[in-house]
Amino acid sequence: MTRRSQLAAALAATILTGCGVNHSEGPPPPDSARAAAFLDTLEERTFHYFWDLTNTQNGLTPDRAPSPSFSSIAAVGFALTAYPIGVERSYITRAQAAQRALTTLRFFWTAPQDSAVSGSTGYHGFFYHFLDMSTGLRFQNVELSTIDTSLLLGGILLCQSYFDGTDPVETEIRGLADSIYYRVDWNWAQARPPAVGMGWHPEGGFIPTDWIGYNEAMILYILALGSPTHAVDATAWSKWVSGYQWATFRGQSYVQFGPLFGHEYSHVWIDFRAIQDSFMRGRGIDYFENSRRATYAQRAYAAVNPMAWTAYSSQMWGLTASDGPANATLVLNGNSRQFHTYWARGVSLFESNDDGTLAPMAAGGAVAFTPEIAIPALLGMRETYGLHLFSTYGFRDAFNPTFTATGTPIERGTVDPTLGWFDVDYLGIDQGPILAMIENYRTGLIWRLMRGNPHIVQGLCRAGFTGGWLAGKCP
């Protein structure tokens with residue numbers, strides 16, 4: 001049995017045994033040669049975004065392509081997550097992946113850390129959101145980002161768990177991963193304890209907002225709680241949870257957050273199935289089920305299509321932060337329509353940020369939660385729009401079937417007078433979840449590896465998670 005087959009068997013066993021959490025049943029996922037071939041193609045093409053476009057000299061991955069771009073440290077985190085997948089799927093060798101990971105970690109460990117306005121890569125162990133692709137220094141005046149550093153660390157710790165060999169390269173990877181993680185001063189980032197702040201600028205200090213309430217930052221608090229050197233107090237998790245909004249939207253009851261990326265990012269690295277904190281124990285579900293419900297709610301919203309956007313249906317859905325066609329108000333078919341460029345699109349009981357732009361990543365990042373609806377949606381997108389949407393590196397970032405105004409200036413992309421607007425770019429932070437969550441669905445590779453990472457385990461335990469695969473691991 002291959003390692004991938006073993007992982008798939010272990011994943012199936014985990015799903016069957018669970019921990020008593022009742023995950024609602026949907027229709028079975030597609031189990032056909034057509035679906036499997038499509039996922040094979042999608043994974044391989046998406047992987048090559050990271051492998052082909054990353055700077056081999058420093059390990060920095062572009063925020064987007066083919067448009068000229070700076071590097072996103074979150075995209076680097078997804079790249080580091082992609083490399084073990086590439087090995088297991090025989091796209092690259094283990095030695096190639098290890099060398100690329102080592103180059104990346106050496107860069108982040110040795111890059112300048114100080115409070116200067118320019119000429120540095122980070123401060124107090126955190127890193128700037130965007131870096132120059134060549135020099136690795138702060139791009140323009142972007143913030144020192146706590147969440148993007150956390151997404152980078154997710155990839156770093158995955159490499160620490162995956163590269164477990166005794167040779168010098170893999171040994172150095174593990175040591176550098178610890179060094180980079182241990183250096184992050186979470187306590188310094190608590191401008192208003194016990195919460196962790198969103199970021200910092202050398203020009204003006206801390207951003208006046210904290211990570212409180214449900215979104216993509218679950219992994220941030222797990223990492224901050226698990227730190228062996230600068231751990232935050234356990235009350236930080238309670239502060240985070242205090243901002244939750246539990247409500248029922250489109251027939252689903254769950255913790256609300258509009259864009260689907262907030263229900264997906266942390267799940268790339270952490271297997272939340274069958275483990276619960278105090279809040280989820282009180283609701284009788286887990287965070288995996290919460291994300292499953294959020295996905296179904298979005299699909300139901302698209303099926304109803306209250307704003308009458310073109311093409312929305314139960315087979316064509318998915319709102320998240322993504323590119324868009326233009327910041328413009330147009331009259332189309334007698335209706336005034338407001339469109340946006342990059343925007344955090346999403347719907348919940350408390351918000352409706354929707355301009356008719358769909359992002360394949362919304363469904364792609366949900367494959368592990370809802371394969372029965374996510375895989376058909378992705379297949380439908382590819383088959384309906386072909387090369388307009390699916391090309392060299394898999395899915396382009398976004399499309400808008402309503403935006404057919406060919407004479408209107410757009411930020412990027414192309415407009416077909418019949419099919420609508422299509423992005424020209426792929427975005428690293430959207431490519432990453434597609435690849436990782438499809439692999440988690442198919443083999444459980446990332447989840448299995450991270451269940452054995454002591455820093456992740458420690459963080460979950462200090463946040464009060466119990467049950468499932470954590471049983472017996474917490475003091």
# chains A, B, ... in the order shown; residues from 1 in each chain; ligands from 1
call {"tool": "select_by_dssp", "arguments": {"residues": "region 46-104 of chain A", "states": "strand (DSSP E or B)", "output": "PDB file with C-alpha atoms, in the first residue's frame"}}
result
ATOM      1  CA  PRO A  62       4.107  35.930  -5.939  1.00  0.00           C
ATOM      2  CA  ARG A  64      -0.598  36.912  -8.147  1.00  0.00           C
ATOM      3  CA  ALA A  65       0.364  35.972 -11.704  1.00  0.00           C
ATOM      4  CA  SER A  71       5.267  38.376  -2.767  1.00  0.00           C
ATOM      5  CA  SER A  72       2.556  37.558  -0.253  1.00  0.00           C
TER       6      SER A  72
END
call {"tool": "residues_around", "arguments": {"residues": "Leu358 (chain A)", "least_positions_apart": "4", "cutoff": "12 Å", "atoms": "only C-alpha atoms", "output": "PyMOL selection string"}}
result
chain A and resi 259-260+298-299+302+309-313+315-325+342-346+353-354+362-364+377-378+381+389+395-403+420-423
call {"tool": "select_by_dssp", "arguments": {"residues": "region 332-389 of chain A", "states": "helix (DSSP H, G or I)", "output": "count of residues only"}}
result
23
call {"tool": "closest_atom_pairs", "arguments": {"of": "region 139-247 of chain A", "to": "region 102-125 of chain A", "cutoff": "12 Å", "atoms": "only C-alpha atoms", "output": "JSON lines"}}
result
{"residue": "A:Phe139", "atom": "CA", "partner": "A:Ser118", "partner_atom": "CA", "distance": 8.6}
{"residue": "A:Gln140", "atom": "CA", "partner": "A:Ser118", "partner_atom": "CA", "distance": 8.2}
{"residue": "A:Asn141", "atom": "CA", "partner": "A:Val117", "partner_atom": "CA", "distance": 7.9}
{"residue": "A:Val142", "atom": "CA", "partner": "A:Val117", "partner_atom": "CA", "distance": 10.1}
{"residue": "A:Glu143", "atom": "CA", "partner": "A:Gly122", "partner_atom": "CA", "distance": 9.6}
{"residue": "A:Leu144", "atom": "CA", "partner": "A:Gly122", "partner_atom": "CA", "distance": 6.7}
{"residue": "A:Ser145", "atom": "CA", "partner": "A:Gly122", "partner_atom": "CA", "distance": 9.2}
{"residue": "A:Thr146", "atom": "CA", "partner": "A:Gly125", "partner_atom": "CA", "distance": 9.9}
{"residue": "A:Asp148", "atom": "CA", "partner": "A:Gly122", "partner_atom": "CA", "distance": 11.8}
{"residue": "A:Thr149", "atom": "CA", "partner": "A:Gly125", "partner_atom": "CA", "distance": 8.8}
{"residue": "A:Ser150", "atom": "CA", "partner": "A:Gly125", "partner_atom": "CA", "distance": 10.9}
{"residue": "A:Leu152", "atom": "CA", "partner": "A:Phe108", "partner_atom": "CA", "distance": 10.1}
{"residue": "A:Leu153", "atom": "CA", "partner": "A:Leu105", "partner_atom": "CA", "distance": 10.3}
{"residue": "A:Gly155", "atom": "CA", "partner": "A:Leu105", "partner_atom": "CA", "distance": 10.3}
{"residue": "A:Ile156", "atom": "CA", "partner": "A:Leu105", "partner_atom": "CA", "distance": 7.5}
{"residue": "A:Leu157", "atom": "CA", "partner": "A:Leu105", "partner_atom": "CA", "distance": 10.6}
{"residue": "A:Cys159", "atom": "CA", "partner": "A:Leu102", "partner_atom": "CA", "distance": 9.3}
{"residue": "A:Gln160", "atom": "CA", "partner": "A:Leu105", "partner_atom": "CA", "distance": 10.4}
{"residue": "A:Phe163", "atom": "CA", "partner": "A:Leu102", "partner_atom": "CA", "distance": 10.2}
{"residue": "A:Pro168", "atom": "CA", "partner": "A:Leu102", "partner_atom": "CA", "distance": 10.5}
{"residue": "A:Val169", "atom": "CA", "partner": "A:Leu102", "partner_atom": "CA", "distance": 7.0}
{"residue": "A:Glu170", "atom": "CA", "partner": "A:Leu102", "partner_atom": "CA", "distance": 7.9}
{"residue": "A:Thr171", "atom": "CA", "partner": "A:Leu102", "partner_atom": "CA", "distance": 9.8}
{"residue": "A:Glu172", "atom": "CA", "partner": "A:Leu102", "partner_atom": "CA", "distance": 7.4}
{"residue": "A:Ile173", "atom": "CA", "partner": "A:Leu102", "partner_atom": "CA", "distance": 5.6}
{"residue": "A:Arg174", "atom": "CA", "partner": "A:Leu102", "partner_atom": "CA", "distance": 9.3}
{"residue": "A:Gly175", "atom": "CA", "partner": "A:Leu105", "partner_atom": "CA", "distance": 9.7}
{"residue": "A:Leu176", "atom": "CA", "partner": "A:Leu105", "partner_atom": "CA", "distance": 6.3}
{"residue": "A:Ala177", "atom": "CA", "partner": "A:Leu105", "partner_atom": "CA", "distance": 7.0}
{"residue": "A:Asp178", "atom": "CA", "partner": "A:Trp109", "partner_atom": "CA", "distance": 10.2}
{"residue": "A:Ser179", "atom": "CA", "partner": "A:Trp109", "partner_atom": "CA", "distance": 7.4}
{"residue": "A:Ile180", "atom": "CA", "partner": "A:Trp109", "partner_atom": "CA", "distance": 5.9}
{"residue": "A:Tyr181", "atom": "CA", "partner": "A:Gly125", "partner_atom": "CA", "distance": 7.8}
{"residue": "A:Tyr182", "atom": "CA", "partner": "A:Gly125", "partner_atom": "CA", "distance": 8.2}
{"residue": "A:Arg183", "atom": "CA", "partner": "A:Gly125", "partner_atom": "CA", "distance": 5.0}
{"residue": "A:Val184", "atom": "CA", "partner": "A:Gly125", "partner_atom": "CA", "distance": 3.9}
{"residue": "A:Asp185", "atom": "CA", "partner": "A:His124", "partner_atom": "CA", "distance": 5.5}
{"residue": "A:Trp186", "atom": "CA", "partner": "A:His124", "partner_atom": "CA", "distance": 8.5}
{"residue": "A:Asn187", "atom": "CA", "partner": "A:His124", "partner_atom": "CA", "distance": 9.8}
{"residue": "A:Trp188", "atom": "CA", "partner": "A:His124", "partner_atom": "CA", "distance": 7.5}
{"residue": "A:Ala189", "atom": "CA", "partner": "A:His124", "partner_atom": "CA", "distance": 8.6}
{"residue": "A:Gly199", "atom": "CA", "partner": "A:Tyr123", "partner_atom": "CA", "distance": 11.0}
{"residue": "A:Trp200", "atom": "CA", "partner": "A:Tyr123", "partner_atom": "CA", "distance": 9.4}
{"residue": "A:His201", "atom": "CA", "partner": "A:Val117", "partner_atom": "CA", "distance": 8.2}
{"residue": "A:Pro202", "atom": "CA", "partner": "A:Val117", "partner_atom": "CA", "distance": 5.5}
{"residue": "A:Glu203", "atom": "CA", "partner": "A:Val117", "partner_atom": "CA", "distance": 6.7}
{"residue": "A:Gly204", "atom": "CA", "partner": "A:Val117", "partner_atom": "CA", "distance": 10.2}
{"residue": "A:Gly205", "atom": "CA", "partner": "A:Ser115", "partner_atom": "CA", "distance": 10.1}
{"residue": "A:Thr229", "atom": "CA", "partner": "A:Gly125", "partner_atom": "CA", "distance": 11.6}
{"residue": "A:His230", "atom": "CA", "partner": "A:Gly125", "partner_atom": "CA", "distance": 10.6}
call {"tool": "closest_residue", "arguments": {"among": "A:Leu60, A:Asn453, A:Ala274, A:Trp211", "to": "Ala471 (chain A)", "atoms": "only C-alpha atoms"}}
result
A:Ala274
call {"tool": "residues_around", "arguments": {"residues": "Met450 (chain A)", "least_positions_apart": "3", "cutoff": "7 Å", "atoms": "only C-alpha atoms", "output": "list in words"}}
result
Leu158, Ser161, Trp269, Ile270, Ile446, Trp447, Asn453 and Ile456 of chain A
call {"tool": "closest_residue", "arguments": {"among": "A:Ser134, A:Thr295, A:Thr46, A:Gln276", "to": "Phe369 (chain A)", "atoms": "only C-alpha atoms"}}
result
A:Thr295
call {"tool": "residues_around", "arguments": {"residues": "Ile438 (chain A)", "least_positions_apart": "3", "cutoff": "10 Å", "atoms": "only C-alpha atoms", "output": "list in words"}}
result
Leu39, Asp40, Leu42, Glu43, Val268, Gly364, Gly365, Ala366, Val367, Ala368, Phe369, Pro371, Ile375, Pro433, Ile434, Leu435, Tyr441, Arg442, Thr443 and Gly444 of chain A
call {"tool": "write_last_selection", "arguments": {"atoms": "N, CA, C and O atoms", "output": "PDB file, in the first residue's frame"}}
result
ATOM      1  N   LEU A  39     -10.063  16.111 -10.605  1.00  0.00           N
ATOM      2  CA  LEU A  39      -9.311  16.487  -9.410  1.00  0.00           C
ATOM      3  C   LEU A  39      -7.815  16.268  -9.609  1.00  0.00           C
ATOM      4  O   LEU A  39      -6.999  17.068  -9.123  1.00  0.00           O
ATOM      5  N   ASP A  40      -7.441  15.229 -10.308  1.00  0.00           N
ATOM      6  CA  ASP A  40      -6.024  15.016 -10.630  1.00  0.00           C
ATOM      7  C   ASP A  40      -5.471  16.210 -11.411  1.00  0.00           C
ATOM      8  O   ASP A  40      -4.398  16.737 -11.092  1.00  0.00           O
ATOM      9  N   LEU A  42      -6.754  19.277 -11.685  1.00  0.00           N
ATOM     10  CA  LEU A  42      -6.834  20.517 -10.911  1.00  0.00           C
ATOM     11  C   LEU A  42      -5.708  20.597  -9.896  1.00  0.00           C
ATOM     12  O   LEU A  42      -5.057  21.649  -9.751  1.00  0.00           O
ATOM     13  N   GLU A  43      -5.443  19.514  -9.188  1.00  0.00           N
ATOM     14  CA  GLU A  43      -4.358  19.525  -8.207  1.00  0.00           C
ATOM     15  C   GLU A  43      -3.011  19.780  -8.867  1.00  0.00           C
ATOM     16  O   GLU A  43      -2.217  20.596  -8.386  1.00  0.00           O
ATOM     17  N   VAL A 268      -7.195  24.356   6.580  1.00  0.00           N
ATOM     18  CA  VAL A 268      -6.162  23.794   5.708  1.00  0.00           C
ATOM     19  C   VAL A 268      -5.184  22.963   6.535  1.00  0.00           C
ATOM     20  O   VAL A 268      -4.803  21.857   6.148  1.00  0.00           O
ATOM     21  N   GLY A 364     -13.696  25.416  -4.134  1.00  0.00           N
ATOM     22  CA  GLY A 364     -12.506  24.567  -4.050  1.00  0.00           C
ATOM     23  C   GLY A 364     -12.015  24.381  -2.628  1.00  0.00           C
ATOM     24  O   GLY A 364     -11.620  23.282  -2.227  1.00  0.00           O
ATOM     25  N   GLY A 365     -12.038  25.454  -1.838  1.00  0.00           N
ATOM     26  CA  GLY A 365     -11.616  25.357  -0.444  1.00  0.00           C
ATOM     27  C   GLY A 365     -12.604  24.645   0.437  1.00  0.00           C
ATOM     28  O   GLY A 365     -12.300  24.341   1.590  1.00  0.00           O
ATOM     29  N   ALA A 366     -13.809  24.367  -0.104  1.00  0.00           N
ATOM     30  CA  ALA A 366     -14.846  23.671   0.661  1.00  0.00           C
ATOM     31  C   ALA A 366     -14.982  22.201   0.280  1.00  0.00           C
ATOM     32  O   ALA A 366     -15.853  21.517   0.811  1.00  0.00           O
ATOM     33  N   VAL A 367     -14.113  21.720  -0.601  1.00  0.00           N
ATOM     34  CA  VAL A 367     -14.228  20.333  -1.059  1.00  0.00           C
ATOM     35  C   VAL A 367     -14.169  19.349   0.109  1.00  0.00           C
ATOM     36  O   VAL A 367     -14.905  18.359   0.143  1.00  0.00           O
ATOM     37  N   ALA A 368     -13.311  19.613   1.088  1.00  0.00           N
ATOM     38  CA  ALA A 368     -13.190  18.689   2.220  1.00  0.00           C
ATOM     39  C   ALA A 368     -14.447  18.670   3.079  1.00  0.00           C
ATOM     40  O   ALA A 368     -14.749  17.659   3.720  1.00  0.00           O
ATOM     41  N   PHE A 369     -15.181  19.797   3.139  1.00  0.00           N
ATOM     42  CA  PHE A 369     -16.400  19.862   3.945  1.00  0.00           C
ATOM     43  C   PHE A 369     -17.601  19.279   3.199  1.00  0.00           C
ATOM     44  O   PHE A 369     -18.411  18.563   3.777  1.00  0.00           O
ATOM     45  N   PRO A 371     -17.868  17.729  -0.361  1.00  0.00           N
ATOM     46  CA  PRO A 371     -17.474  17.263  -1.695  1.00  0.00           C
ATOM     47  C   PRO A 371     -18.663  17.031  -2.615  1.00  0.00           C
ATOM     48  O   PRO A 371     -18.563  17.203  -3.831  1.00  0.00           O
ATOM     49  N   ILE A 375     -17.488  19.652  -5.598  1.00  0.00           N
ATOM     50  CA  ILE A 375     -16.872  19.084  -6.797  1.00  0.00           C
ATOM     51  C   ILE A 375     -17.754  19.299  -8.026  1.00  0.00           C
ATOM     52  O   ILE A 375     -17.260  19.731  -9.083  1.00  0.00           O
ATOM     53  N   PRO A 433      -5.673  27.130  -0.863  1.00  0.00           N
ATOM     54  CA  PRO A 433      -6.744  26.327  -0.268  1.00  0.00           C
ATOM     55  C   PRO A 433      -7.364  25.329  -1.236  1.00  0.00           C
ATOM     56  O   PRO A 433      -7.818  24.269  -0.807  1.00  0.00           O
ATOM     57  N   ILE A 434      -7.423  25.663  -2.529  1.00  0.00           N
ATOM     58  CA  ILE A 434      -7.966  24.697  -3.491  1.00  0.00           C
ATOM     59  C   ILE A 434      -7.130  23.420  -3.462  1.00  0.00           C
ATOM     60  O   ILE A 434      -7.651  22.311  -3.297  1.00  0.00           O
ATOM     61  N   LEU A 435      -5.818  23.571  -3.617  1.00  0.00           N
ATOM     62  CA  LEU A 435      -4.927  22.410  -3.632  1.00  0.00           C
ATOM     63  C   LEU A 435      -4.956  21.660  -2.308  1.00  0.00           C
ATOM     64  O   LEU A 435      -5.117  20.430  -2.274  1.00  0.00           O
ATOM     65  N   TYR A 441      -9.294  16.219   1.455  1.00  0.00           N
ATOM     66  CA  TYR A 441     -10.466  15.387   1.148  1.00  0.00           C
ATOM     67  C   TYR A 441     -10.043  14.019   0.625  1.00  0.00           C
ATOM     68  O   TYR A 441     -10.591  12.990   1.026  1.00  0.00           O
ATOM     69  N   ARG A 442      -9.031  13.995  -0.235  1.00  0.00           N
ATOM     70  CA  ARG A 442      -8.675  12.747  -0.898  1.00  0.00           C
ATOM     71  C   ARG A 442      -7.817  11.831  -0.027  1.00  0.00           C
ATOM     72  O   ARG A 442      -7.978  10.607  -0.074  1.00  0.00           O
ATOM     73  N   THR A 443      -6.908  12.380   0.751  1.00  0.00           N
ATOM     74  CA  THR A 443      -5.983  11.529   1.515  1.00  0.00           C
ATOM     75  C   THR A 443      -5.822  11.944   2.977  1.00  0.00           C
ATOM     76  O   THR A 443      -5.268  11.182   3.762  1.00  0.00           O
ATOM     77  N   GLY A 444      -6.245  13.155   3.332  1.00  0.00           N
ATOM     78  CA  GLY A 444      -6.024  13.628   4.698  1.00  0.00           C
ATOM     79  C   GLY A 444      -4.572  13.954   5.005  1.00  0.00           C
ATOM     80  O   GLY A 444      -4.198  14.062   6.180  1.00  0.00           O
TER      81      GLY A 444
END
call {"tool": "closest_residue", "arguments": {"among": "A:Arg138, A:Trp51, A:Asp271, A:Phe130", "to": "Ala97 (chain A)", "atoms": "only C-alpha atoms"}}
result
A:Trp51
call {"tool": "atom_distance", "arguments": {"atom1": "CA of Ser242 (chain A)", "atom2": "CA of Gly213 (chain A)"}}
result
6.5 Å
call {"tool": "closest_residue", "arguments": {"among": "A:Phe126, A:Phe339, A:Tyr49, A:Tyr244", "to": "Phe78 (chain A)", "atoms": "only C-alpha atoms"}}
result
A:Tyr49
call {"tool": "decode", "arguments": {"residues": "region 194-210 of chain A", "atoms": "N, CA, C and O atoms", "output": "CSV table (one decimal), in the first residue's frame"}}
result
chain,number,residue,atom,x,y,z
A,194,PRO,N,-6.5,40.6,26.4
A,194,PRO,CA,-5.8,39.5,25.9
A,194,PRO,C,-5.8,39.2,24.4
A,194,PRO,O,-5.3,38.2,24.0
A,195,ALA,N,-6.5,40.0,23.7
A,195,ALA,CA,-6.6,39.8,22.2
A,195,ALA,C,-5.3,40.1,21.5
A,195,ALA,O,-4.4,40.8,22.1
A,196,VAL,N,-5.1,39.5,20.4
A,196,VAL,CA,-3.9,39.8,19.5
A,196,VAL,C,-4.4,40.8,18.5
A,196,VAL,O,-5.4,40.7,17.8
A,197,GLY,N,-3.5,41.8,18.3
A,197,GLY,CA,-3.8,42.9,17.3
A,197,GLY,C,-3.7,42.4,15.9
A,197,GLY,O,-3.0,41.4,15.6
A,198,MET,N,-4.3,43.1,15.0
A,198,MET,CA,-4.2,42.7,13.6
A,198,MET,C,-2.9,43.1,12.9
A,198,MET,O,-2.5,42.4,11.9
A,199,GLY,N,-2.2,44.1,13.4
A,199,GLY,CA,-1.0,44.4,12.7
A,199,GLY,C,-0.3,45.7,13.3
A,199,GLY,O,-0.8,46.3,14.2
A,200,TRP,N,0.8,46.1,12.6
A,200,TRP,CA,1.6,47.2,13.1
A,200,TRP,C,2.3,47.8,12.0
A,200,TRP,O,2.7,47.2,11.0
A,201,HIS,N,2.5,49.2,12.0
A,201,HIS,CA,3.2,49.9,11.1
A,201,HIS,C,4.4,50.7,11.8
A,201,HIS,O,4.1,51.3,12.8
A,202,PRO,N,5.6,50.7,11.2
A,202,PRO,CA,6.6,51.4,11.9
A,202,PRO,C,6.3,52.9,11.9
A,202,PRO,O,6.9,53.7,12.7
A,203,GLU,N,5.5,53.4,10.9
A,203,GLU,CA,5.2,54.8,10.9
A,203,GLU,C,4.2,55.2,12.0
A,203,GLU,O,4.2,56.4,12.4
A,204,GLY,N,3.3,54.3,12.4
A,204,GLY,CA,2.3,54.8,13.4
A,204,GLY,C,1.9,53.8,14.5
A,204,GLY,O,1.0,54.0,15.2
A,205,GLY,N,2.6,52.7,14.5
A,205,GLY,CA,2.3,51.7,15.6
A,205,GLY,C,1.2,50.7,15.3
A,205,GLY,O,1.0,50.4,14.1
A,206,PHE,N,0.5,50.2,16.3
A,206,PHE,CA,-0.4,49.2,16.1
A,206,PHE,C,-1.7,49.6,15.4
A,206,PHE,O,-2.2,50.7,15.7
A,207,ILE,N,-2.2,48.7,14.6
A,207,ILE,CA,-3.5,48.9,14.0
A,207,ILE,C,-4.6,48.9,15.1
A,207,ILE,O,-4.5,48.0,16.0
A,208,PRO,N,-5.5,49.8,15.1
A,208,PRO,CA,-6.5,49.9,16.3
A,208,PRO,C,-7.6,48.8,16.3
A,208,PRO,O,-8.7,49.1,16.8
A,209,THR,N,-7.3,47.6,15.7
A,209,THR,CA,-8.3,46.6,15.8
A,209,THR,C,-7.7,45.3,16.1
A,209,THR,O,-6.5,45.0,15.8
A,210,ASP,N,-8.4,44.4,16.8
A,210,ASP,CA,-7.9,43.1,17.2
A,210,ASP,C,-8.7,42.0,16.6
A,210,ASP,O,-9.8,42.1,16.0
